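J.: I am sharing model_11.csv, which consists of CSV, C-alpha atoms:
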```csv
chain,number,residue,atom,x,y,z
D,1,MET,CA,13.6,184.2,254.3
D,2,VAL,CA,13.6,188.0,254.2
D,3,TYR,CA,14.5,189.3,257.6
D,4,ARG,CA,12.9,192.5,258.9
D,5,LEU,CA,13.5,195.1,261.5
D,6,SER,CA,11.0,195.9,264.2
D,7,VAL,CA,9.7,199.5,264.6
D,8,VAL,CA,11.6,200.0,267.8
D,9,MET,CA,14.8,198.8,266.3
D,10,ILE,CA,14.5,201.2,263.4
D,11,PHE,CA,14.0,204.1,265.9
D,12,PHE,CA,16.9,202.9,267.9
D,13,LEU,CA,19.2,202.6,264.9
D,14,THR,CA,18.4,206.1,263.5
D,15,SER,CA,18.8,208.0,266.7
D,16,PHE,CA,22.6,208.6,266.2
D,17,SER,CA,24.3,211.3,264.3
D,18,PRO,CA,27.6,210.6,262.3
D,19,ILE,CA,31.0,211.9,263.4
D,20,GLU,CA,32.5,213.9,260.5
D,21,ASN,CA,36.0,213.2,259.1
D,22,LYS,CA,36.6,210.2,261.4
D,23,VAL,CA,35.9,206.5,261.4
D,24,GLU,CA,32.3,206.4,262.6
D,25,ARG,CA,32.1,205.0,266.2
D,26,LYS,CA,28.6,204.6,267.7
D,27,LEU,CA,27.3,202.8,270.7
D,28,ILE,CA,24.3,200.5,270.2
D,29,THR,CA,22.8,199.2,273.5
D,30,ALA,CA,21.6,195.6,273.1
D,31,ASN,CA,19.5,196.0,276.2
D,32,THR,CA,17.2,198.4,274.4
D,33,ILE,CA,16.3,195.6,271.9
D,34,THR,CA,16.1,192.8,274.4
D,35,LYS,CA,13.4,194.7,276.4
D,36,THR,CA,11.2,194.7,273.3
D,37,THR,CA,8.8,191.9,274.0
D,38,GLY,CA,7.9,191.5,270.3
D,39,PHE,CA,11.5,190.7,269.3
D,40,GLU,CA,11.8,187.4,271.2
D,41,ALA,CA,8.6,186.2,269.5
D,42,GLU,CA,10.1,187.3,266.1
D,43,ALA,CA,13.4,185.6,266.9
D,44,THR,CA,11.6,182.4,267.9
D,45,ALA,CA,9.7,182.4,264.6
D,46,VAL,CA,12.9,182.8,262.6
D,47,TYR,CA,14.5,180.0,264.7
D,48,ASN,CA,11.6,177.7,264.0
D,49,GLN,CA,12.1,178.3,260.3
D,50,LEU,CA,15.8,177.3,260.3
D,51,ASP,CA,16.7,174.4,258.0
D,52,ALA,CA,19.1,172.3,260.1
D,53,ASN,CA,20.6,170.7,257.0
D,54,SER,CA,21.2,167.5,259.0
D,55,PHE,CA,23.1,169.5,261.7
D,56,ALA,CA,22.1,170.1,265.3
D,57,LEU,CA,20.4,173.5,266.0
D,58,PRO,CA,21.9,176.0,268.4
D,59,GLU,CA,19.9,176.9,271.5
D,60,VAL,CA,17.2,179.5,271.0
D,61,SER,CA,18.6,181.7,273.7
D,62,SER,CA,22.0,182.1,272.1
D,63,PHE,CA,20.4,182.4,268.6
D,64,THR,CA,18.1,185.2,269.8
D,65,GLN,CA,21.0,187.3,271.1
D,66,ALA,CA,22.9,186.7,267.9
D,67,LEU,CA,20.0,187.7,265.7
D,68,GLU,CA,19.6,191.0,267.6
D,69,GLY,CA,23.1,192.0,266.8
D,70,PHE,CA,22.9,190.7,263.2
D,71,TYR,CA,19.9,192.9,262.5
D,72,ALA,CA,21.4,196.0,264.1
D,73,LEU,CA,24.8,195.6,262.4
D,74,LYS,CA,23.2,194.8,259.0
D,75,ALA,CA,21.0,197.9,259.2
D,76,LYS,CA,24.0,200.1,260.0
D,77,GLY,CA,26.1,198.7,257.1
D,78,VAL,CA,28.8,197.3,259.4
D,79,ILE,CA,28.2,193.9,258.0
D,80,GLN,CA,27.5,193.3,254.3
D,81,LYS,CA,26.7,189.6,254.1
D,82,ASP,CA,23.6,187.6,255.1
D,83,ILE,CA,25.8,185.2,257.0
D,84,LEU,CA,25.7,184.8,260.8
D,85,THR,CA,28.3,182.8,262.7
D,86,LEU,CA,27.3,181.8,266.2
D,87,ILE,CA,29.7,180.3,268.8
D,88,ASP,CA,28.1,179.1,272.0
D,89,PHE,CA,30.8,179.0,274.8
D,90,SER,CA,28.2,177.7,277.3
D,91,LYS,CA,28.6,174.3,275.8
D,92,SER,CA,31.3,171.7,276.3
D,93,SER,CA,34.3,172.1,274.0
D,94,ASN,CA,33.8,168.4,273.2
D,95,THR,CA,30.6,169.3,271.3
D,96,LYS,CA,30.1,171.1,268.0
D,97,ARG,CA,29.3,174.6,269.3
D,98,LEU,CA,29.9,176.8,266.2
D,99,TRP,CA,27.2,177.4,263.6
D,100,VAL,CA,27.4,179.2,260.3
D,101,ILE,CA,23.9,180.3,259.1
D,102,ASP,CA,22.9,181.7,255.8
D,103,MET,CA,20.2,184.2,256.9
D,104,ALA,CA,19.0,184.7,253.3
D,105,THR,CA,17.8,181.1,253.1
D,106,ASN,CA,17.6,180.2,256.8
D,107,THR,CA,20.0,177.3,256.3
D,108,ILE,CA,22.7,176.1,258.6
D,109,LEU,CA,25.8,175.7,256.4
D,110,PHE,CA,28.3,174.4,259.0
D,111,ASN,CA,28.3,173.0,262.6
D,112,SER,CA,31.8,172.5,263.9
D,113,LEU,CA,34.1,172.1,266.9
D,114,VAL,CA,35.8,175.3,267.9
D,115,ALA,CA,38.5,176.0,270.5
D,116,HIS,CA,38.5,178.5,273.3
D,117,GLY,CA,41.6,180.1,274.9
D,118,ARG,CA,43.8,178.1,277.2
D,119,ASN,CA,43.2,180.4,280.2
D,120,THR,CA,39.5,180.5,279.5
D,121,GLY,CA,38.9,177.1,280.9
D,122,GLU,CA,39.5,173.4,280.5
D,123,GLU,CA,36.5,171.5,278.9
D,124,PHE,CA,34.2,174.5,279.6
D,125,ALA,CA,34.8,178.2,278.9
D,126,ASN,CA,34.3,180.2,282.1
D,127,SER,CA,36.7,183.2,282.1
D,128,PHE,CA,37.1,185.8,279.4
D,129,SER,CA,39.3,188.8,278.7
D,130,ASN,CA,40.0,191.6,276.3
D,131,GLN,CA,43.6,192.0,277.5
D,132,PRO,CA,46.7,191.2,275.4
D,133,GLN,CA,48.7,188.2,276.5
D,134,SER,CA,45.7,186.9,278.6
D,135,TYR,CA,45.4,183.8,276.4
D,136,LYS,CA,41.7,184.1,277.0
D,137,SER,CA,38.7,184.2,274.6
D,138,SER,CA,36.6,187.4,274.3
D,139,LEU,CA,32.8,187.3,274.0
D,140,GLY,CA,30.4,189.5,271.9
D,141,PHE,CA,30.0,190.7,268.4
D,142,TYR,CA,32.7,190.8,265.7
D,143,VAL,CA,32.8,191.7,262.1
D,144,THR,CA,35.0,189.4,260.0
D,145,GLY,CA,37.9,190.8,258.1
D,146,GLU,CA,40.4,189.7,255.5
D,147,ILE,CA,42.2,186.3,255.0
D,148,TYR,CA,45.9,186.3,255.4
D,149,ASN,CA,48.6,183.6,255.5
D,150,GLY,CA,50.1,183.2,258.9
D,151,LYS,CA,51.8,180.5,261.0
D,152,HIS,CA,48.6,178.4,260.9
D,153,GLY,CA,48.2,178.9,257.2
D,154,ALA,CA,45.3,180.8,255.8
D,155,SER,CA,43.6,182.6,258.7
D,156,LEU,CA,40.7,185.1,259.1
D,157,LYS,CA,41.2,188.4,260.9
D,158,LEU,CA,38.4,189.6,263.3
D,159,ASP,CA,37.4,193.0,264.5
D,160,GLY,CA,35.7,193.1,267.9
D,161,LEU,CA,32.8,195.6,268.1
D,162,GLU,CA,32.2,195.8,271.8
D,163,LYS,CA,34.3,198.4,273.7
D,164,GLY,CA,36.1,196.9,276.6
D,165,VAL,CA,34.8,193.4,275.8
D,166,ASN,CA,36.5,192.4,272.5
D,167,ASP,CA,37.7,195.6,270.7
D,168,THR,CA,41.4,194.6,271.1
D,169,ALA,CA,40.9,191.5,269.0
D,170,ARG,CA,43.0,192.7,266.0
D,171,GLU,CA,45.7,194.1,268.3
D,172,ARG,CA,45.8,190.7,270.1
D,173,GLY,CA,45.9,188.7,266.9
D,174,VAL,CA,42.7,186.9,267.7
D,175,VAL,CA,41.9,185.3,264.4
D,176,MET,CA,40.1,182.2,263.0
D,177,HIS,CA,42.6,179.6,262.0
D,178,ALA,CA,43.1,175.8,261.7
D,179,ALA,CA,44.5,173.8,264.5
D,180,ASP,CA,45.3,170.1,264.8
D,181,TYR,CA,44.2,170.1,268.4
D,182,VAL,CA,40.6,170.8,267.2
D,183,SER,CA,39.6,167.3,266.3
D,184,GLU,CA,37.6,164.3,267.6
D,185,SER,CA,40.9,162.4,267.9
D,186,PHE,CA,42.3,165.0,270.3
D,187,ILE,CA,39.2,164.8,272.4
D,188,LYS,CA,39.4,161.0,272.5
D,189,ASN,CA,43.1,161.1,273.6
D,190,ASN,CA,42.8,164.0,276.0
D,191,HIS,CA,39.1,163.9,277.2
D,192,ARG,CA,38.7,167.5,276.0
D,193,LEU,CA,39.3,169.7,273.0
D,194,GLY,CA,42.7,171.5,272.7
D,195,ARG,CA,42.9,175.2,273.5
D,196,SER,CA,44.2,178.2,271.7
D,197,GLN,CA,45.8,181.5,272.8
D,198,GLY,CA,42.4,183.1,272.6
D,199,CYS,CA,41.5,182.4,268.9
D,200,PRO,CA,38.4,180.5,267.8
D,201,ALA,CA,40.4,177.8,266.2
D,202,LEU,CA,38.7,175.3,263.9
D,203,PRO,CA,39.3,171.7,262.5
D,204,ALA,CA,41.8,171.8,259.7
D,205,GLU,CA,39.5,170.0,257.3
D,206,LEU,CA,36.8,172.7,257.7
D,207,THR,CA,38.8,175.9,258.1
D,208,GLN,CA,39.2,176.9,254.5
D,209,GLU,CA,35.5,176.4,253.6
D,210,ILE,CA,34.3,178.3,256.6
D,211,ILE,CA,36.6,181.3,256.4
D,212,GLN,CA,36.0,181.6,252.7
D,213,LYS,CA,32.2,181.7,253.4
D,214,ILE,CA,32.3,184.2,256.3
D,215,LYS,CA,35.2,186.5,255.3
D,216,ASN,CA,34.9,190.2,254.5
D,217,LYS,CA,32.3,191.8,256.8
D,218,SER,CA,29.9,189.1,258.0
D,219,CYS,CA,28.7,188.9,261.6
D,220,LEU,CA,30.3,186.6,264.2
D,221,PHE,CA,28.9,186.4,267.7
D,222,ILE,CA,30.5,184.5,270.7
D,223,TYR,CA,27.9,183.8,273.3
D,224,HIS,CA,28.1,182.9,277.0
D,225,PRO,CA,25.3,183.4,279.6
D,226,SER,CA,27.7,185.4,281.8
D,227,ARG,CA,27.6,188.1,279.1
D,228,ALA,CA,25.4,191.0,280.2
D,229,LYS,CA,22.6,191.7,277.8
D,230,ALA,CA,23.1,195.4,278.4
D,231,SER,CA,26.7,195.3,277.1
D,232,GLN,CA,27.3,197.8,274.3
D,233,VAL,CA,28.1,197.0,270.7
D,234,LEU,CA,30.8,199.4,269.3
D,235,VAL,CA,30.0,200.0,265.7
D,236,LEU,CA,33.1,201.0,263.7
```
Re-express the file's structure as C-alpha cells.

T.:
Amino acid sequence: MVYRLSVVMIFFLTSFSPIENKVERKLITANTITKTTGFEAEATAVYNQLDANSFALPEVSSFTQALEGFYALKAKGVIQKDILTLIDFSKSSNTKRLWVIDMATNTILFNSLVAHGRNTGEEFANSFSNQPQSYKSSLGFYVTGEIYNGKHGASLKLDGLEKGVNDTARERGVVMHAADYVSESFIKNNHRLGRSQGCPALPAELTQEIIQKIKNKSCLFIYHPSRAKASQVLVL
C-alpha cells in the first residue's frame, strides 16, 4: 500500500519555517488533522486493508490517531521507516496491546504483551506522567532511537515528541527492553502483567526481533482515550 497525504495535511505541514543553526523544533497540532472529515474515512480505508497476519487487529480509533501522526512525521522526515508501532493502553495489560505494522505492505508483523509503569495502574493503565522518578508511562508519539546494552540486555532508546507529555523520555531512561514479568506465566500467577518503571517492557522472547525491526527512526504511538486530540507533537 502506498500511503498518501490529504491536501489539508500538506498545507498544514508546509506552513512552518525552519529555525537556522539549531535543532529544528516545530509544533504540529494533531487537532487540525482530526477535524478533517476526509481523514477518518481514509484511515478507515487503510485499516480495512490491513493484513492481520493471524493476529488480532487494533481498534480503529487508536489506529486512526496513530496513522495521523505517522503521516505527519513521515512527511517532515522525523521518521525514516515505513514502520508504525501502536500501543493501546486503554486495554487490559493481560491482553496483547502492542502492534508493529509494516505500512509499506499493510501487514501486522507483531502483536505482543507490553507493560506499563508501576504507578500508572494495576491491570489497567489510568495515570500518566512526563516527570522523572514518577514510575509512570507517558502517552503520545515517539521516534525510536538506537539500541544499547543495559541492565536488561539489548534495549531501544526512545525520544518523545510531545512537549510536556513525553519529551523527557530519554532523560528518564524510558526505553523498550525485555522483562521476565511480561509473560503469560506472570499473568497466570499474579492475575495481571508485571509493571515497569515507566518503560514499555516486552516479553524476552520477542524483544530482539521487535527492537531490531523498529530501531533507528520509526514511529511509536502510545494511545489512551484520556489523551486530548489537540495535544501537540513536538518535532525535533

J.: Neighbours of D:Ala179 within 10 Å (all atoms listed in the file; same-chain residues fewer than 5 positions away dropped), as a PyMOL selection string?

T.: chain D and resi 114-115+152-153+194-196+200-205+207

J.: One decimal, in Å: what's the spacing between atom CA of D:Arg97 and atom CA of D:Val143?

T.: 18.9 Å

J.: Using only C-alpha atoms, find the one residue out of D:Lys151, D:Lys157, D:His177, D:His116 that sits nearest to D:Glu209.

T.: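 Of D:Lys151, D:Lys157, D:His177, D:His116, the one nearest D:Glu209 is D:His177, counting only C-alpha atoms.
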
J.: Which residues are near D:Ile83? Cut-off 12 Å, only C-alpha atoms, ignore same chain within fewer than 6 positions. Put them as a ChimeraX atom specification.

T.: /D:66-67,70-71,73-74,99-110,143-144,210-221

J.: Tell me, as a tab-separated table (two decimals) with C-alpha atoms, in the frame of the given file, which residues lie within 6 Å of D:Gly198, counting all atoms listed in the file; anything in the same chain fewer than 6 positions away does not count.

T.:
```tsv
chain	number	residue	atom	x	y	z
D	117	GLY	CA	41.60	180.10	274.90
D	135	TYR	CA	45.40	183.80	276.40
D	136	LYS	CA	41.70	184.10	277.00
D	137	SER	CA	38.70	184.20	274.60
```

J.: Please complete stretch 178-199 of chain D so it has N, CA, C and O atoms, and hand it over as a PDB file, keeping the file's coordinate frame.

T.:
```pdb
ATOM      1  N   ALA D 178      43.117 177.268 261.483  1.00  0.00           N
ATOM      2  CA  ALA D 178      43.100 175.800 261.700  1.00  0.00           C
ATOM      3  C   ALA D 178      44.025 175.401 262.776  1.00  0.00           C
ATOM      4  O   ALA D 178      45.042 176.047 263.049  1.00  0.00           O
ATOM      5  N   ALA D 179      43.676 174.294 263.447  1.00  0.00           N
ATOM      6  CA  ALA D 179      44.500 173.800 264.500  1.00  0.00           C
ATOM      7  C   ALA D 179      44.340 172.241 264.581  1.00  0.00           C
ATOM      8  O   ALA D 179      43.200 171.765 264.568  1.00  0.00           O
ATOM      9  N   ASP D 180      45.447 171.508 264.693  1.00  0.00           N
ATOM     10  CA  ASP D 180      45.300 170.100 264.800  1.00  0.00           C
ATOM     11  C   ASP D 180      44.777 169.579 266.102  1.00  0.00           C
ATOM     12  O   ASP D 180      44.353 168.431 266.226  1.00  0.00           O
ATOM     13  N   TYR D 181      44.745 170.472 267.101  1.00  0.00           N
ATOM     14  CA  TYR D 181      44.200 170.100 268.400  1.00  0.00           C
ATOM     15  C   TYR D 181      42.661 170.283 268.442  1.00  0.00           C
ATOM     16  O   TYR D 181      42.033 170.047 269.483  1.00  0.00           O
ATOM     17  N   VAL D 182      42.075 170.705 267.325  1.00  0.00           N
ATOM     18  CA  VAL D 182      40.600 170.800 267.200  1.00  0.00           C
ATOM     19  C   VAL D 182      40.123 169.637 266.387  1.00  0.00           C
ATOM     20  O   VAL D 182      39.959 169.731 265.170  1.00  0.00           O
ATOM     21  N   SER D 183      39.931 168.512 267.053  1.00  0.00           N
ATOM     22  CA  SER D 183      39.600 167.300 266.300  1.00  0.00           C
ATOM     23  C   SER D 183      38.970 166.275 267.306  1.00  0.00           C
ATOM     24  O   SER D 183      39.193 166.331 268.519  1.00  0.00           O
ATOM     25  N   GLU D 184      38.212 165.357 266.754  1.00  0.00           N
ATOM     26  CA  GLU D 184      37.600 164.300 267.600  1.00  0.00           C
ATOM     27  C   GLU D 184      38.728 163.396 268.149  1.00  0.00           C
ATOM     28  O   GLU D 184      38.599 162.898 269.270  1.00  0.00           O
ATOM     29  N   SER D 185      39.818 163.194 267.400  1.00  0.00           N
ATOM     30  CA  SER D 185      40.900 162.400 267.900  1.00  0.00           C
ATOM     31  C   SER D 185      41.584 163.002 269.112  1.00  0.00           C
ATOM     32  O   SER D 185      41.965 162.302 270.059  1.00  0.00           O
ATOM     33  N   PHE D 186      41.718 164.321 269.110  1.00  0.00           N
ATOM     34  CA  PHE D 186      42.300 165.000 270.300  1.00  0.00           C
ATOM     35  C   PHE D 186      41.404 164.836 271.486  1.00  0.00           C
ATOM     36  O   PHE D 186      41.889 164.582 272.606  1.00  0.00           O
ATOM     37  N   ILE D 187      40.105 164.965 271.277  1.00  0.00           N
ATOM     38  CA  ILE D 187      39.200 164.800 272.400  1.00  0.00           C
ATOM     39  C   ILE D 187      39.277 163.355 272.935  1.00  0.00           C
ATOM     40  O   ILE D 187      39.313 163.148 274.166  1.00  0.00           O
ATOM     41  N   LYS D 188      39.351 162.370 272.059  1.00  0.00           N
ATOM     42  CA  LYS D 188      39.400 161.000 272.500  1.00  0.00           C
ATOM     43  C   LYS D 188      40.685 160.722 273.314  1.00  0.00           C
ATOM     44  O   LYS D 188      40.642 160.012 274.327  1.00  0.00           O
ATOM     45  N   ASN D 189      41.794 161.340 272.924  1.00  0.00           N
ATOM     46  CA  ASN D 189      43.100 161.100 273.600  1.00  0.00           C
ATOM     47  C   ASN D 189      43.255 161.933 274.866  1.00  0.00           C
ATOM     48  O   ASN D 189      44.029 161.564 275.761  1.00  0.00           O
ATOM     49  N   ASN D 190      42.552 163.083 274.946  1.00  0.00           N
ATOM     50  CA  ASN D 190      42.800 164.000 276.000  1.00  0.00           C
ATOM     51  C   ASN D 190      41.547 164.331 276.879  1.00  0.00           C
ATOM     52  O   ASN D 190      41.632 165.098 277.837  1.00  0.00           O
ATOM     53  N   HIS D 191      40.416 163.750 276.484  1.00  0.00           N
ATOM     54  CA  HIS D 191      39.100 163.900 277.200  1.00  0.00           C
ATOM     55  C   HIS D 191      38.611 165.358 277.113  1.00  0.00           C
ATOM     56  O   HIS D 191      37.681 165.712 277.835  1.00  0.00           O
ATOM     57  N   ARG D 192      39.185 166.171 276.291  1.00  0.00           N
ATOM     58  CA  ARG D 192      38.700 167.500 276.000  1.00  0.00           C
ATOM     59  C   ARG D 192      39.352 168.010 274.732  1.00  0.00           C
ATOM     60  O   ARG D 192      40.392 167.481 274.310  1.00  0.00           O
ATOM     61  N   LEU D 193      38.761 169.034 274.154  1.00  0.00           N
ATOM     62  CA  LEU D 193      39.300 169.700 273.000  1.00  0.00           C
ATOM     63  C   LEU D 193      40.611 170.433 273.364  1.00  0.00           C
ATOM     64  O   LEU D 193      40.755 170.880 274.511  1.00  0.00           O
ATOM     65  N   GLY D 194      41.514 170.605 272.422  1.00  0.00           N
ATOM     66  CA  GLY D 194      42.700 171.500 272.700  1.00  0.00           C
ATOM     67  C   GLY D 194      42.253 172.918 272.776  1.00  0.00           C
ATOM     68  O   GLY D 194      41.113 173.285 272.448  1.00  0.00           O
ATOM     69  N   ARG D 195      43.165 173.774 273.241  1.00  0.00           N
ATOM     70  CA  ARG D 195      42.900 175.200 273.500  1.00  0.00           C
ATOM     71  C   ARG D 195      43.858 176.073 272.750  1.00  0.00           C
ATOM     72  O   ARG D 195      44.992 175.682 272.489  1.00  0.00           O
ATOM     73  N   SER D 196      43.421 177.278 272.455  1.00  0.00           N
ATOM     74  CA  SER D 196      44.200 178.200 271.700  1.00  0.00           C
ATOM     75  C   SER D 196      44.797 179.299 272.614  1.00  0.00           C
ATOM     76  O   SER D 196      44.695 179.210 273.838  1.00  0.00           O
ATOM     77  N   GLN D 197      45.360 180.341 272.012  1.00  0.00           N
ATOM     78  CA  GLN D 197      45.800 181.500 272.800  1.00  0.00           C
ATOM     79  C   GLN D 197      44.751 182.579 272.849  1.00  0.00           C
ATOM     80  O   GLN D 197      45.023 183.714 273.192  1.00  0.00           O
ATOM     81  N   GLY D 198      43.525 182.190 272.541  1.00  0.00           N
ATOM     82  CA  GLY D 198      42.400 183.100 272.600  1.00  0.00           C
ATOM     83  C   GLY D 198      41.637 183.133 271.256  1.00  0.00           C
ATOM     84  O   GLY D 198      40.576 183.754 271.152  1.00  0.00           O
ATOM     85  N   CYS D 199      42.159 182.439 270.251  1.00  0.00           N
ATOM     86  CA  CYS D 199      41.500 182.400 268.900  1.00  0.00           C
ATOM     87  C   CYS D 199      40.417 181.342 268.874  1.00  0.00           C
ATOM     88  O   CYS D 199      40.549 180.286 269.492  1.00  0.00           O
TER      89      CYS D 199
END
```
